[in-house]
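The file input26.cif comes next; it holds mmCIF, C-alpha atoms.
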data_protein
#
loop_
_atom_site.label_atom_id
_atom_site.label_comp_id
_atom_site.auth_asym_id
_atom_site.auth_seq_id
_atom_site.Cartn_x
_atom_site.Cartn_y
_atom_site.Cartn_z
CA VAL A 155 64.89 116.26 134.26
CA GLY A 156 63.57 113.47 136.46
CA MET A 157 60.63 112.89 134.16
CA LEU A 158 62.92 112.93 131.11
CA GLY A 159 64.95 110.22 132.74
CA VAL A 160 62.06 107.78 133.04
CA VAL A 161 59.81 108.62 130.09
CA PRO A 162 60.81 106.58 127.02
CA PHE A 163 61.93 108.39 123.89
CA PRO A 164 62.76 106.94 120.45
CA ALA A 165 66.42 105.99 120.06
CA SER A 166 68.42 105.62 116.86
CA PHE A 167 71.92 105.32 115.51
CA THR A 168 73.65 105.95 112.19
CA ALA A 169 76.53 104.19 110.48
CA PRO A 170 78.61 105.25 107.46
CA GLY A 171 78.72 102.93 104.51
CA VAL A 172 78.87 102.49 100.77
CA VAL A 173 76.54 101.26 98.01
CA GLN A 174 77.57 97.99 96.39
CA ALA A 175 76.05 96.37 93.32
CA GLY A 176 75.00 92.74 93.51
CA GLU A 177 77.56 91.92 90.82
CA TYR A 178 80.39 94.29 90.02
CA ALA A 179 83.62 94.10 88.03
CA VAL A 180 86.29 96.49 86.83
CA VAL A 181 87.11 95.91 83.16
CA TYR A 182 90.80 95.86 82.23
CA SER A 183 92.61 95.80 78.90
CA GLY A 184 94.12 92.36 78.31
CA ALA A 185 96.86 93.51 75.93
CA ASP A 186 98.80 96.62 74.95
CA GLY A 187 97.06 98.59 72.24
CA GLU A 188 95.64 101.88 70.98
CA PHE A 189 91.97 102.61 71.51
CA ALA A 190 90.12 102.00 68.23
CA ALA A 191 86.38 101.98 68.90
CA LEU A 192 83.80 101.85 71.63
CA VAL A 193 81.57 98.94 70.60
CA THR A 194 79.05 99.27 73.42
CA PRO A 195 77.97 102.77 74.53
CA SER A 196 78.35 103.63 78.19
CA GLY A 197 75.21 102.99 80.22
CA GLN A 198 74.03 100.07 78.09
CA ALA A 199 73.26 96.62 79.50
CA VAL A 200 75.69 93.86 78.50
CA ARG A 201 76.03 90.13 79.02
CA ALA A 202 79.17 88.28 80.06
CA GLY A 203 81.39 87.87 76.98
CA ASP A 204 80.00 90.82 75.00
CA VAL A 205 82.60 92.97 73.24
CA VAL A 206 82.56 96.47 74.72
CA MET A 207 85.71 98.01 73.23
CA ARG A 208 88.26 97.36 70.48
CA MET A 209 91.94 98.27 70.38
CA GLU A 210 94.65 98.10 67.70
CA ASN A 211 98.31 97.10 67.86
CA GLY A 212 100.24 97.12 64.57
CA GLU A 213 103.41 95.72 66.14
CA LEU A 214 101.49 92.78 67.56
CA GLU A 215 99.97 92.02 64.16
CA ALA A 216 103.46 92.04 62.64
CA GLU A 217 104.72 89.67 65.34
CA VAL A 218 101.85 87.27 64.61
CA ARG A 219 102.72 87.25 60.88
CA ALA A 220 106.41 86.75 61.60
CA ALA A 221 105.75 83.89 64.02
CA ARG A 222 103.47 82.14 61.51
CA ALA A 223 106.12 82.51 58.82
CA GLU A 224 108.66 80.95 61.21
CA VAL A 225 106.32 77.99 61.70
CA ASP A 226 106.23 77.44 57.92
CA GLU A 227 110.03 77.69 57.84
CA VAL A 228 110.50 75.13 60.60
CA LEU A 229 107.98 72.78 58.98
CA ALA A 230 110.11 72.89 55.82
CA LEU A 231 113.18 72.06 57.90
CA GLU A 232 111.30 69.16 59.47
CA ARG A 233 110.46 67.71 56.06
CA SER A 234 114.10 67.94 55.06
CA ALA A 235 115.22 66.35 58.34
CA LEU A 236 112.90 63.37 57.75
CA ASP A 237 115.22 62.26 54.94
CA THR A 238 118.15 62.07 57.39
CA PRO A 239 116.70 61.04 60.78
CA GLY A 240 118.82 61.65 63.84
CA GLU A 241 119.51 64.26 66.46
CA GLY A 242 118.79 67.03 63.99
CA LEU A 243 115.16 65.97 63.60
CA ALA A 244 114.57 66.05 67.38
CA ALA A 245 115.99 69.58 67.60
CA VAL A 246 113.83 70.77 64.71
CA ARG A 247 110.69 69.34 66.29
CA GLU A 248 111.53 70.92 69.64
CA ARG A 249 111.93 74.28 67.92
CA LEU A 250 108.63 73.74 66.11
CA GLN A 251 106.81 73.23 69.41
CA ALA A 252 108.34 76.41 70.85
CA VAL A 253 107.38 78.47 67.80
CA ARG A 254 103.82 77.13 67.85
CA ARG A 255 103.52 78.04 71.52
CA ARG A 256 104.66 81.55 70.68
CA VAL A 257 102.08 81.81 67.87
CA ALA A 258 99.34 80.66 70.25
CA GLU A 259 100.34 83.26 72.86
CA LEU A 260 100.52 86.08 70.29
CA GLU A 261 97.12 85.13 68.88
CA ARG A 262 95.70 85.08 72.42
CA LEU A 263 97.01 88.61 72.97
CA ARG A 264 95.54 89.71 69.65
CA GLY A 265 92.20 88.33 70.79
CA GLU A 266 92.52 90.43 73.94
CA LEU A 267 92.43 93.55 71.76
CA GLU A 268 88.68 92.96 71.84
CA VAL A 269 87.75 93.92 75.41
CA ARG A 270 84.88 91.78 76.66
CA ALA A 271 82.52 92.07 79.61
CA PRO A 272 83.57 89.67 82.40
CA VAL A 273 80.07 89.74 83.96
CA GLY A 274 76.61 90.90 83.00
CA GLY A 275 75.27 94.28 84.04
CA THR A 276 75.41 97.94 83.06
CA TRP A 277 78.61 98.97 81.25
CA VAL A 278 80.08 102.33 82.32
CA CYS A 279 83.20 103.81 80.70
CA PRO A 280 84.87 107.15 79.91
CA ASP A 281 83.73 109.30 77.01
CA PRO A 282 85.14 108.03 73.67
CA GLY A 283 86.64 111.47 73.08
CA ASP A 284 88.80 111.01 76.16
CA LEU A 285 90.04 107.64 74.84
CA SER A 286 90.63 108.60 71.20
CA GLY A 287 94.25 107.96 70.21
CA ARG A 288 95.16 106.83 73.70
CA TRP A 289 97.61 103.96 74.17
CA LEU A 290 96.28 101.54 76.77
CA ALA A 291 98.85 99.36 78.49
CA ARG A 292 97.91 95.82 79.42
CA GLY A 293 96.00 95.87 82.72
CA THR A 294 94.64 99.41 82.31
CA ALA A 295 91.16 99.90 83.82
CA VAL A 296 88.89 100.96 80.94
CA GLY A 297 85.48 100.83 82.62
CA GLU A 298 83.27 98.95 85.03
CA ILE A 299 80.17 96.80 84.99
CA ALA A 300 77.57 96.73 87.74
CA ASP A 301 74.30 94.88 88.13
CA ALA A 302 71.85 97.77 88.38
CA SER A 303 68.98 95.51 89.42
CA ASP A 304 70.39 94.58 92.81
CA PHE A 305 72.05 96.97 95.26
CA ARG A 306 72.99 96.69 98.91
CA PHE A 307 74.45 99.16 101.38
CA THR A 308 77.36 97.93 103.49
CA ALA A 309 77.66 99.96 106.70
CA VAL A 310 80.44 100.10 109.28
CA VAL A 311 79.48 100.00 112.97
CA ARG A 312 82.21 100.85 115.46
CA GLN A 313 82.97 98.63 118.43
CA GLU A 314 81.49 101.11 120.93
CA ASP A 315 78.17 101.05 119.04
CA ALA A 316 78.12 97.27 118.60
CA SER A 317 76.04 96.75 121.75
CA THR A 318 73.05 98.09 119.85
CA LEU A 319 73.33 95.18 117.39
CA PHE A 320 73.59 92.24 119.75
CA GLY A 321 71.84 90.96 122.82
CA GLY A 322 68.74 93.11 122.55
CA PRO A 323 65.62 93.74 120.47
CA GLU A 324 66.05 93.60 116.72
CA VAL A 325 67.36 96.79 115.11
CA ARG A 326 64.94 98.23 112.56
CA PRO A 327 66.33 100.05 109.50
CA ALA A 328 64.94 103.53 108.89
CA GLY A 329 66.61 103.85 105.49
CA VAL A 330 69.77 105.05 103.76
CA ARG A 331 70.68 108.58 102.76
CA LEU A 332 73.41 108.99 100.15
CA ARG A 333 75.97 111.75 100.04
CA GLY A 334 74.78 114.50 97.73
CA GLN A 335 71.21 113.13 97.73
CA SER A 336 70.26 113.50 101.39
CA GLY A 337 66.74 114.57 100.42
CA ALA A 338 65.90 111.13 99.02
CA LEU A 339 65.54 108.29 101.51
CA VAL A 340 66.42 104.84 100.15
CA PRO A 341 64.18 102.15 101.72
CA VAL A 342 65.77 99.00 103.12
CA ARG A 343 64.15 95.62 102.50
CA ARG A 344 66.28 93.56 104.88
CA LEU A 345 69.11 94.07 107.37
CA THR A 346 71.87 91.52 108.00
CA VAL A 347 74.49 91.85 110.74
CA VAL A 348 77.83 90.09 110.21
CA ALA A 349 78.67 88.81 113.68
CA ALA A 350 82.45 88.46 113.16
CA PRO A 351 84.57 91.62 113.68
CA GLN A 352 86.16 93.02 110.52
CA ASP A 353 89.28 95.09 109.87
CA ARG A 354 88.93 95.79 106.13
CA LEU A 355 86.57 98.49 104.93
CA PRO A 356 84.27 97.63 102.02
CA SER A 357 85.59 100.72 100.24
CA ALA A 358 88.49 103.12 100.71
CA VAL A 359 86.07 106.10 100.49
CA LEU A 360 85.04 105.42 104.09
CA GLY A 361 88.59 105.82 105.44
CA TRP A 362 90.48 108.92 106.52
CA GLN A 363 92.76 108.86 103.48
CA ALA A 364 89.78 109.44 101.18
CA GLY A 365 88.02 111.94 103.44
CA GLY A 366 85.87 109.40 105.32
CA GLU A 367 85.36 109.19 109.06
CA ILE A 368 86.89 105.77 109.81
CA ALA A 369 90.48 105.71 111.10
CA VAL A 370 92.72 103.60 108.88
CA ARG A 371 96.31 102.45 109.24
CA GLY A 372 98.90 104.75 107.75
CA ASP A 373 101.04 101.85 106.51
CA ASP A 374 98.23 100.38 104.38
CA GLN A 375 98.40 101.68 100.81
CA SER A 376 94.90 100.43 99.98
CA GLY A 377 93.36 102.75 102.59
CA THR A 378 90.99 100.03 103.79
CA ARG A 379 92.80 98.51 106.80
CA THR A 380 91.26 100.02 109.94
CA GLN A 381 93.03 100.88 113.17
CA GLU A 382 90.24 99.24 115.17
CA SER A 383 87.97 96.34 114.26
CA PHE A 384 84.32 97.02 113.45
CA PHE A 385 81.09 95.19 112.69
CA GLU A 386 79.55 95.11 109.25
CA VAL A 387 75.86 95.59 108.56
CA ARG A 388 74.44 94.81 105.13
CA ALA A 389 71.19 96.42 104.01
CA ASP A 390 69.38 95.20 100.90
CA LEU A 391 68.13 98.33 99.15
CA ASP A 392 64.79 98.87 97.45
CA ALA A 393 65.94 100.59 94.26
CA ALA A 394 62.39 100.90 92.94
CA GLY A 395 61.20 102.73 96.04
CA THR A 396 63.47 105.76 95.82
CA ALA A 397 64.29 108.67 93.56
CA ALA A 398 67.97 108.51 94.54
CA ALA A 399 70.46 107.47 91.85
CA LEU A 400 72.12 104.29 93.10
CA ARG A 401 75.70 103.85 91.94
CA HIS A 402 78.29 101.33 93.00
CA GLY A 403 80.79 102.96 95.36
CA ARG A 404 78.60 105.91 96.40
CA SER A 405 78.91 106.58 100.12
CA GLY A 406 76.16 107.50 102.55
CA GLU A 407 74.68 106.77 105.94
CA LEU A 408 72.50 103.95 107.23
CA ARG A 409 69.90 105.06 109.78
CA CYS A 410 68.40 102.55 112.19
CA GLN A 411 65.72 102.77 114.85
CA LEU A 412 66.18 101.26 118.30
CA PRO A 413 63.53 100.39 120.89
CA TRP A 414 62.20 103.30 122.92
CA ARG A 415 64.42 103.99 125.93
CA PRO A 416 64.44 106.56 128.75
CA LEU A 417 66.30 109.67 127.71
CA LEU A 418 68.60 109.41 130.74
CA ALA A 419 69.63 105.92 129.66
CA GLN A 420 70.39 107.22 126.17
CA TRP A 421 72.49 110.06 127.58
CA TRP A 422 74.36 107.60 129.79
CA ARG A 423 75.13 105.36 126.79
CA VAL A 424 76.46 108.30 124.75
CA ALA A 425 78.58 109.54 127.68
CA ARG A 426 80.03 106.08 128.22
CA GLN A 427 80.93 105.80 124.54
CA LEU A 428 82.68 109.18 124.65
CA VAL A 429 84.73 108.08 127.66
CA GLN A 430 85.60 104.77 126.00
CA ARG A 431 86.66 106.55 122.83
CA ARG A 432 88.71 109.12 124.74
CA PHE A 433 90.57 106.75 127.05
CA GLN A 434 90.45 103.59 124.86
CA TRP A 435 88.65 101.54 127.52
#
Could you write out this file's structure as structure tokens?
Amino acid sequence: VGMLGVVPFPASFTAPGVVQAGEYAVVYSGADGEFAALVTPSGQAVRAGDVVMRMENGELEAEVRAARAEVDEVLALERSALDTPGEGLAAVRERLQAVRRRVAELERLRGELEVRAPVGGTWVCPDPGDLSGRWLARGTAVGEIADASDFRFTAVVRQEDASTLFGGPEVRPAGVRLRGQSGALVPVRRLTVVAAPQDRLPSAVLGWQAGGEIAVRGDDQSGTRTQESFFEVRADLDAAGTAAALRHGRSGELRCQLPWRPLLAQWWRVARQLVQRRFQW
């Protein structure tokens, strides 16, 4: 035991986290409508502004026609009022402006029936068979777009483990292992430590409410507000150097190597962390 206490052994630590794409966006329907067609197949690369889905709304089309007809009607009233200028002409013109504003808003909503990509990346959506005949209310999430060329892993380091990040030799990343793909190690190109304490998880999947291991506040409906602050570590992933399937939102574990330390010192650090966690020191 005495020799174990003085002979250095490799030290390491792990931190839970989640994969995040370099650019990511949830795609929402901008108007009420029935699913009509999937313009861009799921899994295909898109650019910002590309149409990915079309919807239909017969009632909206009828409202557009009715509003345009009302514009023609008010224009006729304006021409008649020009022959007898007065207060009546001002009222007609005020009504004309209101009707034109309504036409513009209805036409904007009709344009929103074409769902477009807000950012560039890989478009992912449900199977068209699951969407067929479905009425999609305005603001319904219909898919997501992620930049598959750039991924990072955002890990959560608890306060009691934060001493390994600051005031000592640089922490070296050993890699990332994703849940369900633990056999494939994802290499890390660069590690960045965010020095300021955080209290919002990068994803709700890391919190207790979603089966994660980080304690979150029960009064927070998002499931991301933590009971205790933590430090965030961001690891740039080498997607080309792994067989693992990288997906935005997939959870896993960041593994880091620490400088060699005597085993007794490592045991003492673990024991101290257990006491701190138990008695909240």
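The residues caught by the PyMOL selection byres ((chain A and resi 355) around 9) in this file are Val310, Gln352, Asp353, Arg354, Pro356, Ser357, Ala358, Val359, Leu360, Gly361, Ile368, Val370, Gly377, Thr378, Arg379, Thr380, Phe384 and Glu386 of chain A.
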May I have the residues within 7 Å of Phe167 (chain A) as a ChimeraX atom specification, using only C-alpha atoms and disregarding those fewer than 6 positions away in the same chain? /A:409-411
Can you tell me which residues surround Thr168 (chain A) at a distance of at most 10 Å, considering all atoms listed in the file, apart from same-chain residues fewer than 2 positions away, and format the answer as a compact mmCIF listing (two decimals) with C-alpha atoms, keeping the file's coordinate frame?
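Okay, part-v1.txt is ready:
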# COMPACT_ATOMS: atom_id res chain seq x y z
CA SER A 166 68.42 105.62 116.86
CA PRO A 170 78.61 105.25 107.46
CA GLY A 171 78.72 102.93 104.51
CA ALA A 309 77.66 99.96 106.70
CA VAL A 310 80.44 100.10 109.28
CA VAL A 311 79.48 100.00 112.97
CA ASP A 315 78.17 101.05 119.04
CA PRO A 327 66.33 100.05 109.50
CA ALA A 328 64.94 103.53 108.89
CA GLY A 329 66.61 103.85 105.49
CA VAL A 330 69.77 105.05 103.76
CA GLU A 407 74.68 106.77 105.94
CA LEU A 408 72.50 103.95 107.23
CA ARG A 409 69.90 105.06 109.78
CA CYS A 410 68.40 102.55 112.19
CA GLN A 411 65.72 102.77 114.85
Selection under test: the PyMOL selection byres ((chain A and resi 205-212) around 8); residues as a ChimeraX atom specification: /A:186-195,203-204,213-216,267-271
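Proximity of A:Ala349, A:Ala394, A:Arg326, A:Ser383 to Leu412 (chain A), computed with all atoms listed in the file, is greatest for A:Arg326.
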Between CA of Pro280 (chain A) and CA of Gly297 (chain A), what is the spacing in Å? 6.9 Å
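Under the PyMOL selection byres ((chain A and resi 232) around 12), the matching residues in the shown file are Val225, Asp226, Glu227, Val228, Leu229, Ala230, Leu231, Arg233, Ser234, Ala235, Leu236, Asp237, Thr238, Pro239, Gly240, Glu241, Gly242, Leu243, Ala244, Ala245, Val246, Arg247, Glu248, Arg249, Leu250 and Gln251 of chain A.
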Using all atoms listed in the file, can you tell me which of A:Arg306, A:Gly403, A:Ser196, A:Ala295 comes closest to Pro282 (chain A)? A:Ser196
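Atom to atom, CA of Arg401 (chain A) and CA of Thr308 (chain A) stand 13.1 Å apart.
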Using only C-alpha atoms, determine which residues lie at most 7 Å from region 334-346 of chain A, disregarding the query and same-chain residues fewer than 5 positions distant; provide the list as a PyMOL selection string. chain A and resi 327+329+387-392+395-398
Which residues of region 239-298 of chain A have any atom within 8 Å of an atom in region 175-180 of chain A when counting only C-alpha atoms, and what is the closest pair of atoms for each, with the distance in Å to one decimal? Order the rows by chain and rising number and write it as JSON lines.
{"residue": "A:Pro272", "atom": "CA", "partner": "A:Ala179", "partner_atom": "CA", "distance": 7.2}
{"residue": "A:Val273", "atom": "CA", "partner": "A:Ala179", "partner_atom": "CA", "distance": 6.9}
{"residue": "A:Gly274", "atom": "CA", "partner": "A:Glu177", "partner_atom": "CA", "distance": 7.9}
{"residue": "A:Gly275", "atom": "CA", "partner": "A:Glu177", "partner_atom": "CA", "distance": 7.5}
{"residue": "A:Ala295", "atom": "CA", "partner": "A:Val180", "partner_atom": "CA", "distance": 6.7}
{"residue": "A:Val296", "atom": "CA", "partner": "A:Val180", "partner_atom": "CA", "distance": 7.8}
{"residue": "A:Gly297", "atom": "CA", "partner": "A:Val180", "partner_atom": "CA", "distance": 6.1}
{"residue": "A:Glu298", "atom": "CA", "partner": "A:Val180", "partner_atom": "CA", "distance": 4.3}
Go ahead and write the residues just picked, C-alpha atoms, as a PDB file, in the frame of the given file.
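Now in again-v3.pdb:
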ATOM      1  CA  PRO A 272      83.570  89.670  82.400  1.00  0.00           C
ATOM      2  CA  VAL A 273      80.070  89.740  83.960  1.00  0.00           C
ATOM      3  CA  GLY A 274      76.610  90.900  83.000  1.00  0.00           C
ATOM      4  CA  GLY A 275      75.270  94.280  84.040  1.00  0.00           C
ATOM      5  CA  ALA A 295      91.160  99.900  83.820  1.00  0.00           C
ATOM      6  CA  VAL A 296      88.890 100.960  80.940  1.00  0.00           C
ATOM      7  CA  GLY A 297      85.480 100.830  82.620  1.00  0.00           C
ATOM      8  CA  GLU A 298      83.270  98.950  85.030  1.00  0.00           C
TER       9      GLU A 298
END
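Between CA of Arg292 (chain A) and CA of Tyr182 (chain A) the separation is 7.6 Å.
Ranking A:Glu259, A:Ala169, A:Arg288, A:Val347 by their shortest atom-to-atom distance to Leu319 (chain A), with only C-alpha atoms included, puts A:Val347 first.
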Considering only C-alpha atoms, state which residue in the set A:Ala350, A:Ala364, A:Ala393, A:Ile299 is at the smallest distance from Arg201 (chain A). A:Ile299
Counting all atoms listed in the file, figure out which residue out of A:Ala223, A:Ala185, A:Ala369, A:Ala252 gets nearest to Trp289 (chain A).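 The shortest atom-to-atom distance to Trp289 (chain A) comes from A:Ala185.
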